[in-house]
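What's in start28.txt: compact mmCIF, C-alpha atoms
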```
# COMPACT_ATOMS: atom_id res chain seq x y z
CA MET A 1 185.40 1.29 194.98
CA LEU A 2 184.28 -2.31 195.74
CA SER A 3 182.96 -4.75 193.14
CA LEU A 4 180.81 -7.59 194.49
CA THR A 5 180.42 -11.05 192.83
CA ALA A 6 178.44 -14.05 194.05
CA THR A 7 179.26 -17.80 193.48
CA ALA A 8 176.68 -20.51 194.14
CA LEU A 9 177.88 -23.88 195.57
CA LYS A 10 176.17 -27.04 194.26
CA PRO A 11 174.42 -29.22 196.86
CA SER A 12 175.69 -32.79 197.61
CA ILE A 13 173.83 -35.70 195.95
CA LEU A 14 172.22 -38.43 198.08
CA SER A 15 173.32 -41.92 196.87
CA PRO A 16 170.68 -44.62 196.70
CA PHE A 17 173.20 -47.09 198.19
CA THR A 18 173.61 -45.04 201.29
CA LYS A 19 171.64 -46.47 204.07
CA PRO A 20 169.96 -44.24 206.46
CA LYS A 21 170.91 -44.44 210.03
CA PRO A 22 168.48 -45.76 212.57
CA ASN A 23 167.53 -42.30 213.66
CA GLY A 24 166.34 -41.61 210.13
CA LEU A 25 169.00 -39.10 209.39
CA SER A 26 171.07 -39.31 206.27
CA PRO A 27 174.83 -39.52 206.72
CA HIS A 28 175.06 -36.76 204.07
CA PRO A 29 172.36 -34.22 204.78
CA ILE A 30 170.93 -32.19 201.92
CA THR A 31 172.45 -28.76 201.88
CA ARG A 32 170.99 -25.62 200.30
CA PRO A 33 172.99 -23.48 197.85
CA VAL A 34 175.38 -21.13 199.58
CA ASN A 35 176.34 -17.83 198.03
CA THR A 36 179.82 -16.55 198.61
CA VAL A 37 180.65 -12.86 198.23
CA THR A 38 183.97 -11.59 196.99
CA ALA A 39 185.10 -7.97 196.73
CA SER A 40 187.65 -6.43 194.44
CA LEU A 41 188.97 -2.85 194.51
CA ILE A 42 188.70 -0.76 191.34
CA PRO A 43 191.45 1.85 191.02
CA ALA A 44 190.32 5.50 191.24
CA SER A 45 191.86 6.35 187.89
CA SER A 46 189.24 4.30 186.06
CA ARG A 47 186.26 6.06 187.63
CA GLN A 48 184.16 8.50 185.58
CA ALA A 49 183.60 11.57 187.74
CA PRO A 50 180.66 13.81 186.82
CA ALA A 51 181.55 16.91 184.85
CA LYS A 52 181.92 19.90 187.10
CA GLN A 53 180.31 23.21 186.11
CA ASN A 54 182.59 26.18 186.47
CA LEU A 55 180.48 28.63 188.41
CA TYR A 56 183.24 31.10 189.09
CA GLN A 57 183.34 34.04 186.74
CA PRO A 58 186.22 36.45 187.14
CA PHE A 59 185.40 40.14 187.51
CA ARG A 60 185.55 41.98 184.25
CA PRO A 61 185.61 45.74 184.74
CA PRO A 62 183.72 47.87 182.22
CA PRO A 63 185.78 49.19 179.33
CA SER A 64 187.56 52.39 180.13
CA PRO A 65 186.23 55.47 178.31
CA ILE A 66 189.76 56.83 178.19
CA PRO A 67 191.43 56.29 174.79
CA PRO A 68 194.28 53.77 174.84
CA LYS A 69 196.89 56.45 174.19
CA PHE A 70 195.95 58.25 177.42
CA ARG A 71 195.43 55.26 179.76
CA SER A 72 199.04 55.05 180.91
CA LEU A 73 199.25 58.72 181.90
CA ASP A 74 199.71 59.77 185.48
CA PRO A 75 197.76 62.74 186.91
CA ALA A 76 200.43 65.20 185.78
CA GLY A 77 200.26 63.83 182.24
CA LYS A 78 196.47 64.06 182.20
CA ILE A 79 196.57 67.66 183.35
CA GLU A 80 199.08 68.44 180.63
CA VAL A 81 196.83 66.92 177.96
CA LEU A 82 193.85 68.94 179.22
CA ALA A 83 195.81 72.17 179.50
CA ASP A 84 197.13 71.88 175.92
CA ARG A 85 193.85 70.39 174.53
CA MET A 86 195.84 67.56 172.99
CA GLY A 87 193.54 65.58 170.70
CA LEU A 88 189.83 65.83 170.01
CA TRP A 89 187.45 67.01 172.73
CA PHE A 90 185.73 63.63 173.22
CA GLU A 91 189.15 61.96 173.62
CA TYR A 92 190.41 64.08 176.50
CA ALA A 93 186.98 64.64 178.10
CA PRO A 94 187.12 61.31 180.05
CA LEU A 95 190.36 62.48 181.64
CA ILE A 96 188.37 64.99 183.67
CA SER A 97 186.26 62.26 185.26
CA SER A 98 189.43 60.26 185.87
CA LEU A 99 190.95 63.18 187.75
CA TYR A 100 187.77 63.48 189.83
CA THR A 101 188.22 59.89 191.00
CA GLU A 102 191.82 60.66 191.93
CA GLY A 103 190.77 63.45 194.28
CA PHE A 104 190.92 66.51 192.07
CA THR A 105 188.09 69.05 192.36
CA PRO A 106 186.59 71.14 189.53
CA PRO A 107 188.15 74.38 190.86
CA THR A 108 191.56 72.70 191.05
CA ILE A 109 191.29 71.39 187.49
CA GLU A 110 190.16 74.82 186.33
CA GLU A 111 193.20 76.41 187.97
CA LEU A 112 195.60 73.89 186.41
CA THR A 113 194.07 73.57 182.93
CA GLY A 114 191.99 76.70 182.36
CA ILE A 115 188.83 74.64 181.76
CA SER A 116 185.97 76.10 183.81
CA GLY A 117 183.66 73.94 185.89
CA VAL A 118 180.76 74.55 183.49
CA GLU A 119 182.91 73.54 180.53
CA GLN A 120 184.12 70.45 182.39
CA ASN A 121 180.52 69.31 182.90
CA CYS A 122 179.70 70.06 179.28
CA LEU A 123 182.64 67.99 178.03
CA ILE A 124 181.87 65.02 180.28
CA VAL A 125 178.16 64.92 179.45
CA GLY A 126 178.73 65.62 175.76
CA ALA A 127 181.16 62.69 175.53
CA GLN A 128 178.65 60.40 177.22
CA VAL A 129 175.91 61.47 174.79
CA ARG A 130 178.27 60.91 171.88
CA ASP A 131 179.12 57.39 173.13
CA SER A 132 175.41 56.50 173.32
CA ILE A 133 174.93 57.68 169.74
CA VAL A 134 177.97 55.71 168.58
CA GLN A 135 176.61 52.53 170.19
CA SER A 136 173.40 52.86 168.14
CA SER A 137 175.44 52.48 164.93
CA PRO A 138 174.42 55.68 163.14
CA LYS A 139 175.79 56.98 159.88
CA PRO A 140 179.54 57.69 160.04
CA ASP A 141 178.99 61.23 158.78
CA LEU A 142 176.76 61.96 161.77
CA ILE A 143 179.49 61.16 164.29
CA ALA A 144 182.13 63.04 162.32
CA ALA A 145 179.97 66.17 162.35
CA PHE A 146 180.49 66.49 166.11
CA ASP A 147 184.24 65.86 166.16
CA THR A 148 185.04 69.55 166.46
CA GLY A 149 183.02 71.77 168.75
CA GLY A 150 180.22 69.26 169.25
CA ALA A 151 180.21 69.06 173.04
CA GLU A 152 177.90 72.06 173.48
CA LEU A 153 175.38 70.72 170.96
CA LEU A 154 175.32 67.18 172.33
CA TYR A 155 175.03 68.50 175.87
CA GLU A 156 171.67 70.08 175.01
CA ILE A 157 170.10 66.75 173.98
CA ARG A 158 171.26 64.87 177.08
CA ARG A 159 167.71 64.46 178.47
CA LEU A 160 166.46 62.56 175.43
CA SER A 161 166.45 58.81 174.94
CA THR A 162 169.03 57.18 172.72
CA VAL A 163 166.64 56.94 169.77
CA GLN A 164 165.63 60.56 170.22
CA ARG A 165 169.27 61.61 170.52
CA VAL A 166 170.10 60.10 167.15
CA ALA A 167 167.10 61.74 165.48
CA ALA A 168 167.82 65.08 167.13
CA ALA A 169 171.52 64.92 166.23
CA GLU A 170 170.66 64.25 162.59
CA TYR A 171 168.24 67.18 162.59
CA ILE A 172 170.82 69.48 164.21
CA VAL A 173 173.45 68.60 161.62
CA GLU A 174 171.03 68.83 158.70
CA HIS A 175 169.80 72.30 159.66
CA GLY A 176 173.05 73.64 161.06
CA PHE A 177 171.66 74.46 164.50
CA ASP A 178 173.68 76.36 167.07
CA THR A 179 173.48 75.78 170.82
CA LYS A 180 170.23 77.75 171.17
CA GLY A 181 168.62 75.86 168.31
CA ALA A 182 169.66 72.50 169.79
CA GLN A 183 168.26 73.55 173.16
CA ASP A 184 164.89 74.54 171.64
CA LEU A 185 164.71 71.30 169.69
CA ALA A 186 165.41 69.19 172.78
CA ARG A 187 162.78 71.09 174.76
CA ALA A 188 160.23 70.62 172.00
CA ILE A 189 160.80 66.84 171.88
CA LYS A 190 160.76 66.46 175.65
CA ASP A 191 157.71 68.67 176.16
CA TYR A 192 155.50 67.27 173.40
CA PRO A 193 154.04 64.24 175.28
CA HIS A 194 152.98 66.50 178.17
CA ARG A 195 150.87 68.65 175.83
CA ARG A 196 148.32 65.97 175.11
CA GLY A 197 144.91 67.58 174.86
CA ASP A 198 146.13 70.92 173.51
CA LYS A 199 144.56 72.14 170.31
CA GLY A 200 146.23 70.59 167.27
CA TRP A 201 148.36 68.17 169.32
CA GLU A 202 147.24 65.11 167.40
CA GLU A 203 148.12 66.72 164.05
CA PHE A 204 151.86 66.46 164.69
CA ASP A 205 154.11 63.38 164.68
CA TYR A 206 156.03 62.81 167.91
CA ASN A 207 158.63 60.61 166.16
CA LEU A 208 159.81 63.47 163.94
CA PRO A 209 161.91 66.23 165.54
CA GLY A 210 160.69 68.72 162.94
CA ASP A 211 157.06 68.17 163.85
CA CYS A 212 157.84 68.50 167.57
CA LEU A 213 159.60 71.81 166.96
CA SER A 214 156.76 72.95 164.72
CA PHE A 215 154.19 72.16 167.41
CA MET A 216 156.14 74.17 170.00
CA LEU A 217 156.16 77.21 167.70
CA TYR A 218 152.50 76.61 166.82
CA ARG A 219 151.57 76.50 170.50
CA LYS A 220 153.57 79.64 171.30
CA SER A 221 151.83 81.51 168.51
CA ARG A 222 148.48 80.95 170.22
CA GLU A 223 149.73 82.86 173.24
CA HIS A 224 149.74 86.09 171.22
CA ARG A 225 146.76 88.02 170.00
CA SER A 226 145.64 87.72 166.42
CA PRO A 227 146.63 89.41 164.24
CA SER A 228 150.09 90.35 165.44
CA GLU A 229 153.53 90.38 163.86
CA LEU A 230 155.04 88.07 166.46
CA ARG A 231 152.23 85.54 166.07
CA THR A 232 152.61 85.54 162.29
CA THR A 233 156.38 85.09 162.57
CA LEU A 234 156.03 82.09 164.87
CA LEU A 235 153.50 80.45 162.58
CA GLU A 236 155.70 81.01 159.53
CA GLN A 237 158.59 79.36 161.36
CA ALA A 238 156.33 76.48 162.42
CA LEU A 239 155.20 75.97 158.84
CA GLU A 240 158.80 75.99 157.62
CA VAL A 241 159.98 73.22 159.96
CA ALA A 242 156.82 71.05 159.82
CA VAL A 243 157.40 67.68 158.16
CA THR A 244 154.09 65.84 157.82
CA GLU A 245 151.21 67.08 155.71
CA LYS A 246 148.85 67.01 158.69
CA ALA A 247 151.14 69.33 160.61
CA LYS A 248 151.50 71.69 157.67
CA LYS A 249 147.72 71.87 157.24
CA ALA A 250 147.20 72.56 160.95
CA VAL A 251 149.71 75.41 160.92
CA GLY A 252 148.35 76.68 157.61
CA ARG A 253 144.82 76.89 158.98
CA GLU A 254 146.08 78.94 161.90
CA LEU A 255 148.15 81.18 159.63
CA TYR A 256 145.89 81.69 156.63
CA GLY A 257 142.51 80.90 158.14
CA ASP A 258 140.10 77.99 157.84
CA SER A 259 138.33 76.84 154.73
CA ASP A 260 134.56 77.22 154.42
CA GLU A 261 134.05 73.63 155.57
CA ASP A 262 136.27 74.10 158.60
CA ARG A 263 134.46 77.30 159.54
CA ALA A 264 131.12 75.51 159.37
CA LYS A 265 132.37 72.81 161.73
CA GLU A 266 133.80 75.41 164.07
CA GLU A 267 130.50 77.28 164.18
CA GLU A 268 128.69 74.01 164.90
CA VAL A 269 130.94 73.36 167.86
CA LYS A 270 130.36 76.88 169.18
CA ILE A 271 126.58 76.44 169.35
CA ILE A 272 126.77 73.11 171.16
CA ARG A 273 124.54 73.33 174.17
CA VAL A 274 126.18 70.47 176.04
CA PRO A 275 128.55 71.68 178.77
CA VAL A 276 131.88 69.87 178.71
CA VAL A 277 133.70 70.16 182.04
CA ARG A 278 136.86 68.70 183.46
CA LEU A 279 136.67 67.48 187.03
CA LYS A 280 139.39 68.92 189.27
CA PHE A 281 141.23 67.12 192.02
CA GLY A 282 139.48 67.75 195.33
CA GLU A 283 136.55 69.50 193.67
CA VAL A 284 133.99 67.04 195.03
CA ALA A 285 135.38 67.35 198.56
CA GLY A 286 135.19 71.13 198.42
CA ALA A 287 131.74 71.37 196.84
CA SER A 288 128.92 72.83 198.91
CA SER A 289 126.49 70.32 197.38
CA VAL A 290 126.92 67.08 195.48
CA VAL A 291 124.86 64.80 193.27
CA VAL A 292 124.98 61.00 193.31
CA LEU A 293 124.24 59.16 190.07
CA PRO A 294 124.23 55.48 189.05
CA VAL A 295 126.98 54.58 186.59
CA CYS A 296 126.79 52.26 183.58
CA GLU A 297 129.64 51.27 181.30
CA ALA A 298 129.00 51.68 177.59
CA GLU A 299 130.28 48.16 176.96
CA GLU A 300 127.43 46.75 179.07
CA GLY A 301 124.87 47.81 176.47
CA VAL A 302 121.49 49.51 176.39
CA ARG A 303 119.82 46.94 178.62
CA LYS A 304 122.05 47.83 181.56
CA ILE A 305 121.21 51.52 181.18
CA GLY A 306 117.52 50.68 181.35
CA GLU A 307 118.04 48.66 184.52
CA ALA A 308 119.69 51.53 186.40
CA PRO A 309 117.55 53.06 189.18
CA MET A 310 115.25 55.83 188.01
CA GLU A 311 114.59 57.29 191.45
CA PHE A 312 117.09 57.88 194.22
CA GLU A 313 117.21 60.59 196.82
CA SER A 314 119.04 61.48 199.98
CA GLY A 315 117.34 61.96 203.31
CA GLY A 316 117.75 61.88 207.03
CA GLU A 317 120.18 63.72 209.19
CA PHE A 318 123.18 62.23 207.40
CA GLY A 319 121.83 62.53 203.84
CA VAL A 320 121.79 58.79 203.20
CA VAL A 321 121.04 58.01 199.55
CA GLU A 322 118.25 55.52 198.96
CA ALA A 323 117.43 54.02 195.57
CA GLU A 324 114.46 52.05 194.34
CA ARG A 325 116.71 49.06 193.62
CA GLU A 326 120.21 47.92 194.41
CA TRP A 327 123.00 49.12 192.14
CA ARG A 328 126.70 48.33 192.09
CA ARG A 329 128.39 51.52 190.80
CA TRP A 330 127.75 55.14 191.73
CA VAL A 331 129.55 58.41 191.08
CA VAL A 332 129.58 61.59 193.14
CA LEU A 333 129.69 64.85 191.18
CA PRO A 334 129.63 68.47 192.33
CA GLY A 335 126.22 70.07 192.33
CA TRP A 336 126.47 71.57 188.85
CA ASP A 337 123.23 73.16 187.62
CA PRO A 338 122.68 70.83 184.61
CA VAL A 339 123.04 67.77 186.85
CA VAL A 340 120.91 69.15 189.67
CA ALA A 341 118.14 69.92 187.17
CA VAL A 342 117.75 66.19 186.43
CA ARG A 343 115.29 65.18 189.13
CA ARG A 344 114.44 61.67 187.90
CA GLY A 345 116.05 59.27 185.47
CA GLY A 346 119.57 60.63 185.62
CA VAL A 347 122.39 58.24 184.79
CA ALA A 348 126.11 58.51 183.99
CA VAL A 349 127.46 56.41 181.12
CA SER A 350 131.25 55.94 181.09
CA PHE A 351 133.24 55.63 177.85
CA ARG A 352 136.90 54.67 177.52
CA ASP A 353 137.65 56.80 174.44
CA ASP A 354 135.85 60.05 173.66
CA ARG A 355 136.86 59.98 169.99
CA LYS A 356 134.24 57.32 169.27
CA VAL A 357 131.51 59.14 171.17
CA LEU A 358 131.68 62.89 170.63
CA PRO A 359 130.60 64.42 167.30
CA TRP A 360 133.50 66.84 167.50
CA LYS A 361 137.21 66.08 167.77
CA GLY A 362 138.04 64.07 170.91
CA ARG A 363 141.16 63.97 173.04
CA GLU A 364 141.70 60.22 173.33
CA GLU A 365 140.66 59.99 176.96
CA ALA A 366 137.84 58.58 179.05
CA ILE A 367 134.65 60.57 179.56
CA MET A 368 131.41 60.25 181.48
CA VAL A 369 128.17 61.30 179.77
CA VAL A 370 125.36 62.39 182.09
CA MET A 371 121.92 62.13 180.50
CA ASP A 372 118.24 62.46 181.39
CA ARG A 373 116.36 59.25 180.53
CA GLU A 374 113.05 61.03 181.03
CA LYS A 375 113.67 62.99 177.83
CA LYS A 376 113.96 60.25 175.24
CA THR A 377 111.93 62.04 172.59
CA VAL A 378 114.03 64.07 170.17
CA GLU A 379 112.68 67.62 170.49
CA GLU A 380 115.58 70.07 170.64
CA ASP A 381 117.37 70.67 167.35
CA ASP A 382 120.48 72.08 169.04
CA GLY A 383 120.52 69.52 171.84
CA TYR A 384 122.50 66.33 171.83
CA TYR A 385 121.13 62.86 172.49
CA LEU A 386 122.75 59.53 173.23
CA VAL A 387 121.91 57.04 170.49
CA VAL A 388 123.03 53.56 169.47
CA GLY A 389 124.73 53.29 166.09
CA GLY A 390 126.64 50.68 164.19
CA ASP A 391 129.83 51.46 166.12
CA GLY A 392 128.17 51.63 169.52
CA MET A 393 126.76 54.49 171.53
CA LYS A 394 127.53 58.06 170.54
CA LEU A 395 126.25 61.62 170.80
CA GLU A 396 124.15 62.94 167.93
CA ARG A 397 122.63 66.33 167.36
CA GLY A 398 118.86 66.62 167.48
CA SER A 399 118.55 68.18 164.02
CA VAL A 400 120.55 65.32 162.50
CA LEU A 401 118.33 62.75 164.20
CA LYS A 402 115.20 64.46 162.92
CA GLU A 403 116.53 64.49 159.38
CA GLY A 404 117.18 60.77 159.67
CA GLY A 405 113.68 60.12 160.94
CA VAL A 406 114.80 59.17 164.47
CA GLY A 407 112.21 60.24 167.01
CA GLU A 408 113.39 58.49 170.16
CA CYS A 409 116.79 57.81 171.75
CA LEU A 410 118.32 56.74 175.05
CA GLY A 411 118.07 60.19 176.59
CA LEU A 412 119.03 63.87 176.42
CA VAL A 413 122.67 64.58 177.25
CA VAL A 414 123.00 67.31 179.87
CA LEU A 415 126.72 67.15 180.67
CA VAL A 416 130.00 65.60 179.53
CA VAL A 417 132.59 65.14 182.28
CA ARG A 418 136.30 64.66 181.66
CA PRO A 419 138.56 63.05 184.31
CA PRO A 420 140.86 65.20 186.45
CA ARG A 421 144.46 65.65 185.41
CA ASP A 422 147.39 67.88 186.24
CA ASP A 423 147.36 71.33 184.72
CA ASP A 424 149.53 71.86 181.67
CA ASP A 425 151.57 74.49 183.50
CA GLU A 426 152.80 71.84 185.90
CA TRP A 427 154.15 69.83 182.99
CA GLN A 428 156.27 72.68 181.66
CA ILE A 429 159.99 72.21 181.85
CA ASN A 430 161.64 74.94 183.89
CA ASP A 431 164.71 76.68 182.64
CA GLU A 432 166.58 75.45 185.69
CA ASP A 433 166.14 71.87 184.48
CA TRP A 434 168.18 72.64 181.38
CA ASP A 435 171.16 74.31 183.02
```
Represent the structure of the file as structure tokens.
Amino acid sequence: MLSLTATALKPSILSPFTKPKPNGLSPHPITRPVNTVTASLIPASSRQAPAKQNLYQPFRPPPSPIPPKFRSLDPAGKIEVLADRMGLWFEYAPLISSLYTEGFTPPTIEELTGISGVEQNCLIVGAQVRDSIVQSSPKPDLIAAFDTGGAELLYEIRRLSTVQRVAAAEYIVEHGFDTKGAQDLARAIKDYPHRRGDKGWEEFDYNLPGDCLSFMLYRKSREHRSPSELRTTLLEQALEVAVTEKAKKAVGRELYGDSDEDRAKEEEVKIIRVPVVRLKFGEVAGASSVVVLPVCEAEEGVRKIGEAPMEFESGGEFGVVEAEREWRRWVVLPGWDPVVAVRRGGVAVSFRDDRKVLPWKGREEAIMVVMDREKKTVEEDDGYYLVVGGDGMKLERGSVLKEGGVGECLGLVVLVVRPPRDDDDEWQINDEDWD
């Protein structure tokens, strides 16, 4: 490295006694400062090099699942450990996977050790499930409960998440479940989210294995006629394993019957004259006739509903729909009789959550309410009308409105449409999935 320094030379001074030459030039001309540059070499040892960042990270293989006492064994030693079942099951289970990587096949291992292919899979998966539970830091007693003969039980809860595995394992130990009980519990937990919309689904707590198992028994009981011995047995079992009070009350109502208040509500729902239908996938495409309606969102308010076109009809060779004014959103529905009967003033109002709209128990899903704006006067006691309340728009029975002195509303509700969804049967878990 070079270091540069500059030295300025002083100019010469003109003496007053010096006479200029005839040509007018001074014998000592004035000179300007001259800078001289010198360079010196700085040794490399004194330089400060920038700190280098170590970007290289050596490969660190994942920890071996094989216990330290078995890691030094050769294939013959591993086979000997498996054949004699030396140690606990979760200790020698990783040896099976290790033999797979060394070229051994399940039939070969079965021939050498006597452990069948099904049992090999059960041991491997059970050990993996146990490791996931151990990593979640559960109670020591929970892990110890599966030290002997726990592979079959842990294998049954393999499809659950880690949190669900811990909860299910605690429930299995607490109630002394066998393999069949563990399998039923795992199915109940896994199947519960897919049963949204079934009767009583919201009364059970998904985070509690007991409530999930209770709901599965409760749902199975409804598949049998009432009264029957099998139905009663299933409900008694559901009541026994239910944890929350809501779940116990739901099962109790099914087992012992409803109270007078519940019966009154049930009868009110039965006489509802508003059809509630669920749209099916492809139903509009396969319909012989369709109806087109303007759509308003409930959040847009009453004013938007009033601005929707009152008259619109299809005509011409291609059935082009023409409305009295432009509108941004439309919906096409099959030609259901209640919708076809609305000749003028029909409109569909969409809601994001039916629980805030319907007077009966909702299913926590979006709905579309079709109403006739020509029938704003409350006349039918058993009919339902769309009104505006403190919490927004909702359906209210005509008799209730008359008792409250309400004579006019937004319109008469003729149909409630639910969105399409897959059938519940398609959500069922097949037995093959659990083998």
Between atom CA of Leu213 of chain A and atom CA of Thr233 of chain A lies a distance of 14.4 Å
For this session: Would you kindly return, as a list of chain:residue names, each protein, DNA or RNA residue with an atom no farther than 12 Å from any atom of Gly405 of chain A, considering only C-alpha atoms and excluding same-chain residues fewer than 5 positions away?
Result: A:Thr377, A:Val378, A:Gly398, A:Ser399, A:Val400
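One finds atom CA of Gly126 of chain A at 4.6 Å from atom CA of Ala151 of chain A.
Relative to atom CA of Glu254 of chain A, atom CA of Glu174 of chain A is found at 27.1 Å.
Considering the residues A:Glu307, A:Glu299, A:Ala188, A:Pro338 and counting only C-alpha atoms, Arg325 of chain A has its shortest atom-to-atom contact with A:Glu307.
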Please identify all polymer residues within 10 Å of Pro294 of chain A, counting only C-alpha atoms, omitting same-chain residues fewer than 4 positions from it, and present them as a ChimeraX atom specification. /A:305,308-310,312,323,327-332,345-349,370
If you count all atoms listed in the file, the residue of A:Phe70, A:Tyr218, A:Tyr100, A:Tyr192 closest to Gly87 of chain A turns out to be A:Phe70
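Counting all atoms listed in the file and comparing A:Val276, A:Lys304, A:Glu311, A:Val129, the residue that lies closest to Val414 of chain A is A:Val276.
Proximity of A:Ala250, A:Tyr92, A:Pro419, A:Leu217 to Leu279 of chain A, computed with all atoms listed in the file, is greatest for A:Pro419.
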At a cut-off of 9 Å, using all atoms listed in the file, what residues contact segment 88-91 of chain A? Leave out same-chain residues fewer than 4 positions from it and give the result as a PyMOL selection string. chain A and resi 65-67+70+95+123-124+126-128+130+147-151
| said: Show me the residues close to (191.8, 62.2, 188.6) - anything with an atom within 12 Å, counting all atoms listed in the file - and format the list as a PyMOL selection string. | reply: chain A and resi 66+71+73-79+82+93-106+108-109
Grab the residues selected above and save them as a short mmCIF file (atom, residue, chain, number, x, y, z; two decimals), in the coordinates of the input with C-alpha atoms.
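As written to disk, again-v4.cif reads:
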```cif
data_model
loop_
_atom_site.label_atom_id
_atom_site.label_comp_id
_atom_site.auth_asym_id
_atom_site.auth_seq_id
_atom_site.Cartn_x
_atom_site.Cartn_y
_atom_site.Cartn_z
CA ILE A 66 189.76 56.83 178.19
CA ARG A 71 195.43 55.26 179.76
CA LEU A 73 199.25 58.72 181.90
CA ASP A 74 199.71 59.77 185.48
CA PRO A 75 197.76 62.74 186.91
CA ALA A 76 200.43 65.20 185.78
CA GLY A 77 200.26 63.83 182.24
CA LYS A 78 196.47 64.06 182.20
CA ILE A 79 196.57 67.66 183.35
CA LEU A 82 193.85 68.94 179.22
CA ALA A 93 186.98 64.64 178.10
CA PRO A 94 187.12 61.31 180.05
CA LEU A 95 190.36 62.48 181.64
CA ILE A 96 188.37 64.99 183.67
CA SER A 97 186.26 62.26 185.26
CA SER A 98 189.43 60.26 185.87
CA LEU A 99 190.95 63.18 187.75
CA TYR A 100 187.77 63.48 189.83
CA THR A 101 188.22 59.89 191.00
CA GLU A 102 191.82 60.66 191.93
CA GLY A 103 190.77 63.45 194.28
CA PHE A 104 190.92 66.51 192.07
CA THR A 105 188.09 69.05 192.36
CA PRO A 106 186.59 71.14 189.53
CA THR A 108 191.56 72.70 191.05
CA ILE A 109 191.29 71.39 187.49
#
```
